[in-house]
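These notes are about the structure you will find just below.
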Amino acid sequence: MIRGHRSAPGLIVFTALIFFAMLGRTGSAQVVVDVTEGVFDPVPVAIVDFVGDSDSASQYGRDIAAVITANLGRSGIFAPIDAAAFIQSSADLPDNVRFADWRIINAQVLVAGRVQLLADGRLNVEFRLWDVVAESQLIGFAYAAEPESWRRIAHQISDAVYSRVTGDDGYFDTRIVYIAESGPANARVKRLAIMDQDGENHRYLTGGETLVLTPRFSPSTQEITYLSYLNNQPRVYLFNIDTGRQELLGDFPGMTFAPRFSPDGNRVIFSFAENGNSDLYVLDLRTRQRTRLTNDPGIDTGGSFSPDGSEIVFESDRGGSQQLYVMSASGSNVRRISFGEGRYASPVWSPRGDLIAFTKILGGRFFIGVMRTDGSGERLLAEGFNVEGPTWAPNGRVLMYFSTTPSGAGSVSRLFAVDLTTGQSWSVPTPIGGSDPAWSPLLP
């Protein structure tokens with residue numbers, strides 16, 4: 001798809017698609033990955049430093065290759081081959097591939113490219129992906145952008161490789177919004193922060209003057225909804241990332257919390273607590289009309305829409321303990337779906353529609369898990385002193401969450417991610433403590 005996009009205020013990046021001539025046989029790709037749960041052998045991939053037409057372009061080429069290597073390697077789906085094993089030099093690529101040299105080192109796919117600094121100051125990056133076994137080119141793209149956008153180009157190339165090999169959309173050209181935590185436990189400062197999915201390009205969105213919690217991305221715009229204790233009043237707010245504009249989500253007499261957007265971005269589901277009771281409401285952002293969805297003496301919270309917007313999963317203690325329930329988007333046809341041991345919380349519907357992620361509390365331990373939408377097939381992915389707050393990558397294959405561990409007289413929270421296919425997990429770097437992550441959709 002050819003499109004222009006804004007990667008930061010005032011910066012427009014243009015991408016263009018180029019179909020290069022196929023090398024060797026032109027049949028369909030031989031490298032196919034079935035990304036389902038089970039025994040998994042990662043795909044050996046050779047990622048060569050991109051060739052530059054100058055010293056500065058060559059440095060960009062090395063940096064781009066390093067980011068692609070880190071992205072693909074973290075997932076566990078790919079196994080990047082050490083560059084020390086390469087036989088053919090990058091100087092011969094990307095135009096002349098000696099496939100036998102790459103088969104000797106067991107590479108199944110090969111990534112290489114070229115970087116040029118254009119006369120207008122922009123960076124032009126070409127890349128190609130080859131199936132080494134079939135001796136054929138799978139894809140080829142070119143990107144023209146401002147030099148400061150080189151990291152985003154690397155993420156887009158990573159997505160292209162991931163998608164072509166696995167058949168699923170990538171998730172590397174995305175951002176994470178989260179709560180940055182600092183200070184002692186009795187005076188913790190919590191700021192809204194945003195960064196790329198790999199922890200780079202970090203910046204704070206709020207100054208820490210007021211407590212902020214549970215940020216959530218809109219699936220359709222660069223907007224966030226979150227809870228803030230402005231003037232000690234817990235209220236749900238909307239925040240526009242590009243403009244920095246904040247606005248109150250309705251004026252309710254009691255406490256509003258746990259907001260989350262609908263799949264079309266036009267509504268926000270949230271909890272409203274009044275007189276010791278908490279129920280779920282939905283607010284139409286266009287008309288500002290609110291609709292009550294639950295009316296139960298229990299605590300109903302944590303609502304999350306299915307990808308088609310027809311159903312909602314939520315947590316409730318209406319049955320005597322904290323469990324997960326699913327209902328229609330109108331609030332009808334409520335049924336319980338969690339029946340395992342322990343308590344269940346913070347459900348989030350997968351963007352693929354096939355799974356629901358959750359936090360489970362059992363025997364004083366916390367778990368991050370997934371289950372099918374009818375409650376079957378429960379699978380626990382992470383365990384800790386306190387792990388919670390799962391959020392899905394836009395392709396529904398990776399979960400991010402936060403883990404809190406004791407530290408001296410207080411505690412420290414950090415972000416982690418886990419790939420559902422491979423089970424591989426990794427720490428997501430943040431400058432200070434981090435909690436309550438929320439994954440953006442792919443950037444426009």
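A note on labels: chains of the structure tokens are A, B, ... as shown, every chain counts residues from 1, and ligands are counted from 1 in their shown order.
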
TODO: Select from region 245-381 of chain A everything DSSP, run on the backbone, classes as strand (DSSP E or B), then give the selection as a ChimeraX atom specification.
DONE: /A:246-248,255-261,267-274,277-284,290-292,299-305,311-316,323-328,335-336,343-349,355-362,365-372,379-381

- [ ] Find the spatial neighbours of region 416-423 of chain A, counting only C-alpha atoms, within a cut-off of 7 Å - ignore same-chain residues fewer than 2 positions away - and output them as a PyMOL selection string.
- [x] chain A and resi 35-37+40+75-77+397-402+414+425-428

Write the residues of the selection above to a file with N, CA and C atoms, as a PDB file, in the first residue's frame.
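Output file again_20.pdb follows:
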```
ATOM      1  N   VAL A  35       2.165 -20.124  12.447  1.00  0.00           N
ATOM      2  CA  VAL A  35       2.308 -19.521  13.764  1.00  0.00           C
ATOM      3  C   VAL A  35       1.159 -19.948  14.662  1.00  0.00           C
ATOM      4  N   THR A  36       1.180 -21.210  15.061  1.00  0.00           N
ATOM      5  CA  THR A  36       0.224 -21.734  16.017  1.00  0.00           C
ATOM      6  C   THR A  36       0.991 -22.326  17.178  1.00  0.00           C
ATOM      7  N   GLU A  37       0.273 -22.513  18.280  1.00  0.00           N
ATOM      8  CA  GLU A  37       0.917 -23.028  19.482  1.00  0.00           C
ATOM      9  C   GLU A  37       1.440 -24.441  19.243  1.00  0.00           C
ATOM     10  N   PHE A  40       8.062 -25.354  18.042  1.00  0.00           N
ATOM     11  CA  PHE A  40       8.347 -24.377  17.002  1.00  0.00           C
ATOM     12  C   PHE A  40       9.840 -24.261  16.772  1.00  0.00           C
ATOM     13  N   SER A  75      11.150 -11.955  18.856  1.00  0.00           N
ATOM     14  CA  SER A  75       9.910 -12.723  18.773  1.00  0.00           C
ATOM     15  C   SER A  75      10.119 -14.211  18.983  1.00  0.00           C
ATOM     16  N   GLY A  76      11.310 -14.703  18.652  1.00  0.00           N
ATOM     17  CA  GLY A  76      11.561 -16.131  18.719  1.00  0.00           C
ATOM     18  C   GLY A  76      11.104 -16.867  17.474  1.00  0.00           C
ATOM     19  N   ILE A  77      10.393 -16.191  16.589  1.00  0.00           N
ATOM     20  CA  ILE A  77       9.966 -16.808  15.332  1.00  0.00           C
ATOM     21  C   ILE A  77      11.141 -16.883  14.357  1.00  0.00           C
ATOM     22  N   ARG A 397      -0.769 -11.600  18.285  1.00  0.00           N
ATOM     23  CA  ARG A 397       0.182 -12.695  18.498  1.00  0.00           C
ATOM     24  C   ARG A 397       1.106 -12.459  19.689  1.00  0.00           C
ATOM     25  N   VAL A 398       1.141 -11.235  20.223  1.00  0.00           N
ATOM     26  CA  VAL A 398       2.055 -10.890  21.299  1.00  0.00           C
ATOM     27  C   VAL A 398       1.299 -10.135  22.380  1.00  0.00           C
ATOM     28  N   LEU A 399       1.633 -10.405  23.639  1.00  0.00           N
ATOM     29  CA  LEU A 399       1.068  -9.698  24.777  1.00  0.00           C
ATOM     30  C   LEU A 399       2.160  -8.925  25.502  1.00  0.00           C
ATOM     31  N   MET A 400       1.826  -7.727  25.955  1.00  0.00           N
ATOM     32  CA  MET A 400       2.683  -6.988  26.865  1.00  0.00           C
ATOM     33  C   MET A 400       1.951  -6.862  28.193  1.00  0.00           C
ATOM     34  N   TYR A 401       2.703  -6.786  29.280  1.00  0.00           N
ATOM     35  CA  TYR A 401       2.123  -6.678  30.613  1.00  0.00           C
ATOM     36  C   TYR A 401       3.161  -6.045  31.522  1.00  0.00           C
ATOM     37  N   PHE A 402       2.805  -5.814  32.795  1.00  0.00           N
ATOM     38  CA  PHE A 402       3.806  -5.309  33.720  1.00  0.00           C
ATOM     39  C   PHE A 402       3.923  -6.211  34.928  1.00  0.00           C
ATOM     40  N   ARG A 414       8.010  -3.134  36.044  1.00  0.00           N
ATOM     41  CA  ARG A 414       8.680  -3.153  34.745  1.00  0.00           C
ATOM     42  C   ARG A 414       7.756  -3.780  33.707  1.00  0.00           C
ATOM     43  N   SER A 425       9.762 -14.629  25.949  1.00  0.00           N
ATOM     44  CA  SER A 425       9.415 -13.373  26.607  1.00  0.00           C
ATOM     45  C   SER A 425      10.644 -12.481  26.683  1.00  0.00           C
ATOM     46  N   TRP A 426      10.430 -11.196  26.844  1.00  0.00           N
ATOM     47  CA  TRP A 426      11.536 -10.251  26.927  1.00  0.00           C
ATOM     48  C   TRP A 426      11.123  -9.024  27.723  1.00  0.00           C
ATOM     49  N   SER A 427      12.119  -8.361  28.276  1.00  0.00           N
ATOM     50  CA  SER A 427      11.897  -7.124  29.017  1.00  0.00           C
ATOM     51  C   SER A 427      11.834  -5.958  28.042  1.00  0.00           C
ATOM     52  N   VAL A 428      10.869  -5.068  28.246  1.00  0.00           N
ATOM     53  CA  VAL A 428      10.723  -3.872  27.412  1.00  0.00           C
ATOM     54  C   VAL A 428      11.358  -2.707  28.167  1.00  0.00           C
TER      55      VAL A 428
END
```

Task: Selection: 8 Å around Ala382 (chain A), only C-alpha atoms, excl. self and same-chain fewer than 4 positions, as a ChimeraX atom specification - done: /A:367-369,387

Write the selection just made, keeping N, CA and C atoms, as a PDB file, in the first residue's frame?
```pdb
ATOM      1  N   PHE A 367      -0.841 -14.316  37.582  1.00  0.00           N
ATOM      2  CA  PHE A 367      -0.541 -14.943  36.296  1.00  0.00           C
ATOM      3  C   PHE A 367      -1.124 -14.085  35.165  1.00  0.00           C
ATOM      4  N   ILE A 368      -0.457 -14.112  34.021  1.00  0.00           N
ATOM      5  CA  ILE A 368      -1.018 -13.591  32.777  1.00  0.00           C
ATOM      6  C   ILE A 368      -1.383 -14.794  31.923  1.00  0.00           C
ATOM      7  N   GLY A 369      -2.619 -14.826  31.418  1.00  0.00           N
ATOM      8  CA  GLY A 369      -3.053 -15.961  30.624  1.00  0.00           C
ATOM      9  C   GLY A 369      -3.984 -15.575  29.509  1.00  0.00           C
ATOM     10  N   VAL A 387       1.976  -9.836  38.471  1.00  0.00           N
ATOM     11  CA  VAL A 387       1.963  -9.536  37.033  1.00  0.00           C
ATOM     12  C   VAL A 387       0.525  -9.232  36.648  1.00  0.00           C
TER      13      VAL A 387
END
```

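Neighbouring residues of Trp102 (chain A) at 9 Å or closer, counting only C-alpha atoms and skipping chain neighbours under 3 positions away, are Ala46, Phe86, Ile87, Gln88, Val97, Arg98, Phe99, Ile105, Asn106, Ala107, Gln108, Val109, Leu110 and Val132 of chain A.
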
Can you write just those residues out, N, CA and C atoms, as a compact mmCIF listing (two decimals), in the first residue's frame?
```txt
# COMPACT_ATOMS: atom_id res chain seq x y z
N ALA A 46 19.33 -14.44 7.67
CA ALA A 46 20.55 -13.65 7.55
C ALA A 46 20.16 -12.22 7.23
N PHE A 86 28.83 -15.10 7.84
CA PHE A 86 28.50 -14.76 6.46
C PHE A 86 29.70 -15.00 5.55
N ILE A 87 29.45 -15.59 4.40
CA ILE A 87 30.49 -15.84 3.40
C ILE A 87 30.50 -14.73 2.35
N GLN A 88 29.33 -14.42 1.82
CA GLN A 88 29.25 -13.34 0.84
C GLN A 88 29.22 -12.01 1.56
N VAL A 97 23.08 -12.14 -5.52
CA VAL A 97 23.01 -13.08 -4.40
C VAL A 97 23.60 -14.43 -4.82
N ARG A 98 24.59 -14.89 -4.04
CA ARG A 98 25.13 -16.23 -4.26
C ARG A 98 24.42 -17.16 -3.27
N PHE A 99 23.34 -17.75 -3.70
CA PHE A 99 22.48 -18.49 -2.79
C PHE A 99 23.20 -19.66 -2.12
N ILE A 105 25.44 -21.77 5.39
CA ILE A 105 25.31 -21.34 6.79
C ILE A 105 23.88 -21.53 7.30
N ASN A 106 23.07 -22.27 6.53
CA ASN A 106 21.72 -22.67 6.95
C ASN A 106 20.70 -21.54 6.95
N ALA A 107 20.98 -20.46 6.22
CA ALA A 107 19.99 -19.38 6.12
C ALA A 107 18.83 -19.84 5.24
N GLN A 108 17.62 -19.63 5.72
CA GLN A 108 16.44 -19.91 4.91
C GLN A 108 15.92 -18.66 4.20
N VAL A 109 16.07 -17.51 4.85
CA VAL A 109 15.71 -16.25 4.21
C VAL A 109 16.84 -15.26 4.41
N LEU A 110 16.93 -14.31 3.49
CA LEU A 110 18.00 -13.33 3.47
C LEU A 110 17.41 -11.93 3.32
N VAL A 132 16.04 -18.30 0.31
CA VAL A 132 17.32 -18.88 -0.08
C VAL A 132 17.14 -20.27 -0.68
```

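With only C-alpha atoms taken into account, the protein and nucleic acid residues at most 10 Å from Leu324 (chain A) (excluding it and anything under 5 positions from it in its own chain) are Asp300, Thr301, Gly302, Gly303, Val313, Phe314, Glu315, Ser316, Asp317, Arg335, Arg336, Ile337, Ser338, Phe339, Arg343, Tyr344, Ala345, Ser346, Pro347, Ile356, Phe358 and Gly375 of chain A.
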
- [ ] Return as a PyMOL selection string the full set of residues in region 44-208 of chain A whose backbone-based DSSP assignment is helix (DSSP H, G or I).
- [x] chain A and resi 55-75+83-85+90-92+99-104+147-166+185-187

Open item on the list: Which residues are close to Asn240 (chain A), i.e. within 8 Å by only C-alpha atoms, leaving aside same-chain residues fewer than 3 positions away? Reply as a PyMOL selection string.
Closed with: chain A and resi 222-224+243-246

Output for the residues just chosen: N, CA and C atoms as a PDB file, in the first residue's frame:
```pdb
ATOM      1  N   GLN A 222      -4.874   8.841  16.766  1.00  0.00           N
ATOM      2  CA  GLN A 222      -3.756   8.960  17.703  1.00  0.00           C
ATOM      3  C   GLN A 222      -4.255   9.639  18.980  1.00  0.00           C
ATOM      4  N   GLU A 223      -5.118   8.913  19.673  1.00  0.00           N
ATOM      5  CA  GLU A 223      -5.752   9.443  20.871  1.00  0.00           C
ATOM      6  C   GLU A 223      -5.702   8.394  21.978  1.00  0.00           C
ATOM      7  N   ILE A 224      -5.635   8.863  23.206  1.00  0.00           N
ATOM      8  CA  ILE A 224      -5.547   7.993  24.378  1.00  0.00           C
ATOM      9  C   ILE A 224      -6.673   8.358  25.335  1.00  0.00           C
ATOM     10  N   THR A 243      -1.627  16.821  19.258  1.00  0.00           N
ATOM     11  CA  THR A 243      -1.854  18.208  19.680  1.00  0.00           C
ATOM     12  C   THR A 243      -1.601  18.437  21.161  1.00  0.00           C
ATOM     13  N   GLY A 244      -1.629  17.370  21.973  1.00  0.00           N
ATOM     14  CA  GLY A 244      -1.490  17.521  23.412  1.00  0.00           C
ATOM     15  C   GLY A 244      -2.771  17.965  24.096  1.00  0.00           C
ATOM     16  N   ARG A 245      -3.861  18.049  23.355  1.00  0.00           N
ATOM     17  CA  ARG A 245      -5.134  18.517  23.919  1.00  0.00           C
ATOM     18  C   ARG A 245      -5.756  17.439  24.806  1.00  0.00           C
ATOM     19  N   GLN A 246      -6.231  17.846  25.997  1.00  0.00           N
ATOM     20  CA  GLN A 246      -6.909  16.944  26.908  1.00  0.00           C
ATOM     21  C   GLN A 246      -8.335  17.421  27.135  1.00  0.00           C
TER      22      GLN A 246
END
```

Task: Close residues, Gly384 (chain A) itself excluded, 8 Å, only C-alpha atoms, min 4 positions apart in chain, as an MDAnalysis selection string - done: chainID A and resid 365:367 403

Mind running region 193-307 of chain A against region 48-68 of chain A at 12 Å and telling me each contacting residue's nearest atom pair with the distance in Å (one decimal), counting only C-alpha atoms, chain and number ascending, as a tab-separated table?
```
residue	atom	partner	partner_atom	distance
A:Gln197	CA	A:Val67	CA	11.8
A:Asp198	CA	A:Val67	CA	9.3
A:Gly199	CA	A:Val67	CA	11.8
A:Glu200	CA	A:Val67	CA	10.7
```

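Here CA of Ser163 (chain A) is placed at a distance of 12.9 Å from CA of Asn71 (chain A).
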
Open item on the list: Using Å and a single decimal, report how far CA of Asp82 (chain A) sits from CA of Ile47 (chain A).
Closed with: 8.9 Å
